[in-house]
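Asker: Just start_39.cif, nothing more (mmCIF, C-alpha atoms, pLDDT in the B column; chains and numbers go by the auth columns):
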```cif
data_work
#
loop_
_atom_site.group_PDB
_atom_site.id
_atom_site.type_symbol
_atom_site.label_atom_id
_atom_site.label_comp_id
_atom_site.label_asym_id
_atom_site.label_seq_id
_atom_site.Cartn_x
_atom_site.Cartn_y
_atom_site.Cartn_z
_atom_site.B_iso_or_equiv
_atom_site.auth_seq_id
_atom_site.auth_asym_id
ATOM 1 C CA MET A 1 12.814 -16.839 7.476 75.00 1393 G
ATOM 2 C CA SER A 2 12.875 -13.064 7.195 84.00 1394 G
ATOM 3 C CA GLN A 3 16.187 -11.318 6.745 91.00 1395 G
ATOM 4 C CA TYR A 4 17.423 -7.798 7.486 93.00 1396 G
ATOM 5 C CA ILE A 5 17.864 -5.284 4.683 95.00 1397 G
ATOM 6 C CA THR A 6 20.566 -2.671 4.226 96.00 1398 G
ATOM 7 C CA ASP A 7 21.493 0.449 2.299 96.00 1399 G
ATOM 8 C CA THR A 8 21.153 0.052 -1.509 95.00 1400 G
ATOM 9 C CA THR A 9 18.635 -2.827 -1.247 95.00 1401 G
ATOM 10 C CA GLN A 10 16.345 -2.540 -4.272 96.00 1402 G
ATOM 11 C CA LEU A 11 12.745 -1.518 -3.585 97.00 1403 G
ATOM 12 C CA LYS A 12 9.766 -1.730 -5.932 97.00 1404 G
ATOM 13 C CA CYS A 13 6.289 -0.213 -5.934 97.00 1405 G
ATOM 14 C CA ASP A 14 3.380 -2.215 -7.355 97.00 1406 G
ATOM 15 C CA LYS A 15 2.198 0.996 -9.104 97.00 1407 G
ATOM 16 C CA GLY A 16 5.662 2.116 -10.280 97.00 1408 G
ATOM 17 C CA ALA A 17 7.541 1.241 -13.465 96.00 1409 G
ATOM 18 C CA SER A 18 11.051 0.575 -12.140 96.00 1410 G
ATOM 19 C CA PRO A 19 12.865 -0.423 -8.926 96.00 1411 G
ATOM 20 C CA THR A 20 14.996 2.015 -6.960 96.00 1412 G
ATOM 21 C CA PRO A 21 17.636 1.544 -4.220 96.00 1413 G
ATOM 22 C CA LEU A 22 16.858 2.312 -0.570 97.00 1414 G
ATOM 23 C CA THR A 23 19.125 4.935 1.021 97.00 1415 G
ATOM 24 C CA VAL A 24 19.618 4.434 4.778 97.00 1416 G
ATOM 25 C CA THR A 25 19.851 7.664 6.804 98.00 1417 G
ATOM 26 C CA SER A 26 18.051 6.679 10.042 97.00 1418 G
ATOM 27 C CA GLN A 27 21.157 5.426 11.854 97.00 1419 G
ATOM 28 C CA SER A 28 24.908 5.458 11.291 96.00 1420 G
ATOM 29 C CA PHE A 29 26.560 2.602 13.200 96.00 1421 G
ATOM 30 C CA MET A 30 24.795 -0.759 12.698 96.00 1422 G
ATOM 31 C CA LYS A 31 26.152 -2.397 9.541 95.00 1423 G
ATOM 32 C CA ILE A 32 25.867 -5.738 7.767 93.00 1424 G
ATOM 33 C CA GLU A 33 28.718 -6.513 5.360 91.00 1425 G
ATOM 34 C CA GLY A 34 29.742 -2.847 5.483 95.00 1426 G
ATOM 35 C CA LYS A 35 26.283 -1.479 4.618 96.00 1427 G
ATOM 36 C CA LEU A 36 24.043 0.437 7.031 96.00 1428 G
ATOM 37 C CA GLN A 37 21.069 -1.526 8.310 96.00 1429 G
ATOM 38 C CA ALA A 38 17.634 -0.083 7.424 97.00 1430 G
ATOM 39 C CA THR A 39 14.983 0.905 10.005 98.00 1431 G
ATOM 40 C CA GLU A 40 11.335 1.952 9.902 98.00 1432 G
ATOM 41 C CA GLU A 41 12.459 5.612 9.834 98.00 1433 G
ATOM 42 C CA ASP A 42 13.975 5.152 6.355 98.00 1434 G
ATOM 43 C CA LYS A 43 10.805 6.328 4.612 97.00 1435 G
ATOM 44 C CA GLN A 44 11.449 9.939 3.582 97.00 1436 G
ATOM 45 C CA PRO A 45 10.495 10.653 -0.049 96.00 1437 G
ATOM 46 C CA ASN A 46 13.518 11.318 -2.285 95.00 1438 G
ATOM 47 C CA ALA A 47 15.953 11.055 0.666 97.00 1439 G
ATOM 48 C CA ASN A 48 15.391 7.349 1.479 97.00 1440 G
ATOM 49 C CA ILE A 49 12.949 6.285 -1.234 97.00 1441 G
ATOM 50 C CA LYS A 50 13.552 7.650 -4.730 97.00 1442 G
ATOM 51 C CA PRO A 51 10.829 7.801 -7.444 97.00 1443 G
ATOM 52 C CA PHE A 52 9.842 4.516 -9.136 97.00 1444 G
ATOM 53 C CA GLY A 53 9.576 5.932 -12.673 96.00 1445 G
ATOM 54 C CA MET A 54 6.049 6.257 -14.079 96.00 1446 G
ATOM 55 C CA CYS A 55 3.166 5.819 -11.609 96.00 1447 G
ATOM 56 C CA SER A 56 0.131 3.913 -12.912 96.00 1448 G
ATOM 57 C CA VAL A 57 -2.130 5.672 -10.366 94.00 1449 G
ATOM 58 C CA LEU A 58 -1.078 9.235 -11.219 92.00 1450 G
ATOM 59 C CA ARG A 59 -0.412 8.392 -14.894 93.00 1451 G
ATOM 60 C CA SER A 60 2.691 10.579 -14.584 95.00 1452 G
ATOM 61 C CA SER A 61 6.100 10.533 -12.898 95.00 1453 G
ATOM 62 C CA CYS A 62 6.224 8.833 -9.507 95.00 1454 G
ATOM 63 C CA SER A 63 6.361 11.098 -6.487 93.00 1455 G
ATOM 64 C CA PRO A 64 6.758 8.633 -3.592 94.00 1456 G
ATOM 65 C CA SER A 65 4.702 9.394 -0.518 96.00 1457 G
ATOM 66 C CA PRO A 66 5.490 6.568 1.964 97.00 1458 G
ATOM 67 C CA ILE A 67 3.284 6.363 5.061 97.00 1459 G
ATOM 68 C CA LYS A 68 4.598 3.663 7.438 97.00 1460 G
ATOM 69 C CA TRP A 69 6.673 0.489 7.174 98.00 1461 G
ATOM 70 C CA GLU A 70 4.758 -2.672 8.178 97.00 1462 G
ATOM 71 C CA ASN A 71 6.002 -6.206 8.974 97.00 1463 G
ATOM 72 C CA THR A 72 9.129 -4.853 10.670 97.00 1464 G
ATOM 73 C CA SER A 73 11.446 -6.765 13.007 96.00 1465 G
ATOM 74 C CA GLU A 74 10.765 -6.978 16.726 94.00 1466 G
ATOM 75 C CA PHE A 75 14.376 -5.848 17.187 95.00 1467 G
ATOM 76 C CA GLU A 76 15.284 -2.163 17.265 96.00 1468 G
ATOM 77 C CA ILE A 77 18.203 0.192 16.635 96.00 1469 G
ATOM 78 C CA GLU A 78 17.859 3.301 18.838 95.00 1470 G
ATOM 79 C CA ASP A 79 14.102 2.640 19.346 97.00 1471 G
ATOM 80 C CA LYS A 80 13.511 2.213 15.589 97.00 1472 G
ATOM 81 C CA LYS A 81 12.333 -1.184 14.344 97.00 1473 G
ATOM 82 C CA GLU A 82 14.647 -2.878 11.853 97.00 1474 G
ATOM 83 C CA LEU A 83 13.393 -3.497 8.301 97.00 1475 G
ATOM 84 C CA LEU A 84 13.172 -7.008 6.882 96.00 1476 G
ATOM 85 C CA ASP A 85 12.970 -8.379 3.350 94.00 1477 G
ATOM 86 C CA SER A 86 9.257 -8.995 4.094 95.00 1478 G
ATOM 87 C CA SER A 87 8.601 -5.376 5.197 97.00 1479 G
ATOM 88 C CA THR A 88 6.186 -3.294 3.102 97.00 1480 G
ATOM 89 C CA CYS A 89 5.324 0.401 3.066 98.00 1481 G
ATOM 90 C CA GLN A 90 2.027 1.854 1.866 97.00 1482 G
ATOM 91 C CA CYS A 91 2.233 4.943 -0.369 96.00 1483 G
ATOM 92 C CA SER A 92 -0.484 7.558 0.156 95.00 1484 G
ATOM 93 C CA VAL A 93 -0.908 7.745 -3.652 94.00 1485 G
ATOM 94 C CA GLY A 94 -2.067 4.115 -3.635 94.00 1486 G
ATOM 95 C CA GLY A 95 0.880 1.821 -4.267 96.00 1487 G
ATOM 96 C CA LYS A 96 2.614 -0.651 -1.986 97.00 1488 G
ATOM 97 C CA ILE A 97 6.407 -0.540 -1.660 97.00 1489 G
ATOM 98 C CA SER A 98 8.271 -3.789 -1.029 97.00 1490 G
ATOM 99 C CA VAL A 99 11.755 -5.306 -1.249 96.00 1491 G
ATOM 100 C CA VAL A 100 12.976 -6.788 -4.526 92.00 1492 G
ATOM 101 C CA LYS A 101 14.603 -10.143 -3.880 70.00 1493 G
ATOM 102 C CA SER A 102 18.224 -9.511 -4.705 53.00 1494 G
ATOM 103 C CA ALA A 103 21.496 -11.383 -4.826 47.00 1495 G
ATOM 104 C CA GLN A 104 22.784 -9.447 -1.828 50.00 1496 G
ATOM 105 C CA SER A 105 23.772 -11.391 1.260 53.00 1497 G
ATOM 106 C CA PHE A 106 21.281 -11.146 4.093 53.00 1498 G
ATOM 107 C CA VAL A 107 21.642 -11.858 7.800 55.00 1499 G
ATOM 108 C CA GLU A 108 18.804 -13.860 9.295 56.00 1500 G
ATOM 109 C CA GLU A 109 16.783 -12.394 12.152 52.00 1501 G
#
```
Can you turn what I pasted into structure tokens?
Answerer:
Amino acid sequence: MSQYITDTTQLKCDKGASPTPLTVTSQSFMKIEGKLQATEEDKQPNANIKPFGMCSVLRSSCSPSPIKWENTSEFEIEDKKELLDSSTCQCSVGGKISVVKSAQSFVEE
């Protein structure tokens, strides 16, 4: 069963060297355990998605270039689909961004 993700959930890129936390800026009122819930609009480079260290495609420092979140929830916050632990985001450089399974508590969809 897919679960919602929130601010500070760890993301990874299959072409990057290290995980990085998601920063939620797309909405300011829906929270789970005190953390803002993520939506498909949380995809801005450096604002929402920080670099993943070294990029194996560029062979240099990661410069995230997210395109669009896929596998999002059917539920929305202000017309923006909610992100799930199964959501992925293609990077225009060539990697695929996904959620690292963490110890954080999730709320089931």
Asker: For Val1492 in chain G, find every residue with an atom within 7 Å (counting all atoms listed in the file), except residues of its own chain fewer than 3 positions away, and show them as a PyMOL selection string.
Answerer: chain G and resi 1402-1404
Asker: Which residue out of G:Asn1440, G:Gln1395, G:Ser1448, G:Ser1490 has the minimum interatomic distance to Trp1461 in chain G when only C-alpha atoms are used?
Answerer: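 The shortest atom-to-atom distance to Trp1461 in chain G comes from G:Ser1490.
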Asker: For CA of Ser1457 in chain G and CA of Glu1470 in chain G, determine how far apart the two atoms are, in Å to one decimal place.
Answerer: 24.2 Å
Asker: Rank nothing, just name the residue among G:Glu1462, G:Asp1434, G:Glu1468, G:Asp1399 nearest to Thr1480 in chain G, using only C-alpha atoms.
Answerer: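 Selected residue with least distance to Thr1480 in chain G: G:Glu1462.
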Asker: Determine the residue set returned by the PyMOL selection byres ((chain G and resi 1442) around 8) for the present structure, and present it as a ChimeraX atom specification.
Answerer: /G:1412-1414,1437-1441,1443-1444,1456
Asker: Quick one: everything within 9 Å of Cys1405 in chain G, counting all atoms listed in the file, minus sequence neighbours fewer than 6 positions away in the same chain. Send it as a ChimeraX atom specification.
Answerer: /G:1411,1444,1447,1483,1487-1491
Asker: Would you mind exporting C-alpha atoms of the selected residues as a short mmCIF file (atom, residue, chain, number, x, y, z; two decimals), in the frame of the given file?
Answerer:
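Wrote again-v6.cif, looks like this:
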```cif
data_model
loop_
_atom_site.label_atom_id
_atom_site.label_comp_id
_atom_site.auth_asym_id
_atom_site.auth_seq_id
_atom_site.Cartn_x
_atom_site.Cartn_y
_atom_site.Cartn_z
CA PRO G 1411 12.86 -0.42 -8.93
CA PHE G 1444 9.84 4.52 -9.14
CA CYS G 1447 3.17 5.82 -11.61
CA CYS G 1483 2.23 4.94 -0.37
CA GLY G 1487 0.88 1.82 -4.27
CA LYS G 1488 2.61 -0.65 -1.99
CA ILE G 1489 6.41 -0.54 -1.66
CA SER G 1490 8.27 -3.79 -1.03
CA VAL G 1491 11.76 -5.31 -1.25
#
```
Asker: Would you work out the distance separating CA of Gln1429 in chain G from CA of Met1393 in chain G, expressed in Å to one decimal?
Answerer: 17.4 Å
Asker: Name the residues in contact with Lys1427 in chain G at a cut-off of 7 Å, using only C-alpha atoms, excluding same-chain residues fewer than 3 positions from it; report them as a count of residues only.
Answerer: 4
Asker: What is the CA of Val1449 in chain G-CA of Ser1410 in chain G distance in Å, reported with one decimal?
Answerer: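 The value is 14.2 Å.
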Asker: Quick one: which residues end up in the PyMOL selection byres ((chain G and resi 1475-1478) around 6) for this structure, as a list in words?
Answerer: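 Expected selection for the PyMOL selection byres ((chain G and resi 1475-1478) around 6) here is Gln1395, Tyr1396, Ile1397, Ala1430, Thr1431, Thr1464, Glu1474, Ser1479 and Val1491 of chain G.
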Asker: Tell me which residues come within 10 Å of (9.5, 4.0, -19.9), as a list in words, counting all atoms listed in the file in the file's coordinates.
Answerer: Ala1409, Ser1410, Gly1445 and Met1446 of chain G
Asker: Show me, as JSON, the centre and edge lengths in Å to one decimal of the axis-aligned box that covers every listed atom of range 1406-1424 of chain G with 4 Å on each side.
Answerer:
```
{"center_x": 14.4, "center_y": 1.0, "center_z": -0.1, "size_x": 32.4, "size_y": 21.4, "size_z": 34.7}
```
Asker: Measuring atom to atom with only C-alpha atoms, identify which of G:Gly1408, G:Cys1481, G:Ser1418, G:Lys1473 is nearest to Ser1452 in chain G.
Answerer: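 Closest to Ser1452 in chain G, using only C-alpha atoms: G:Gly1408.
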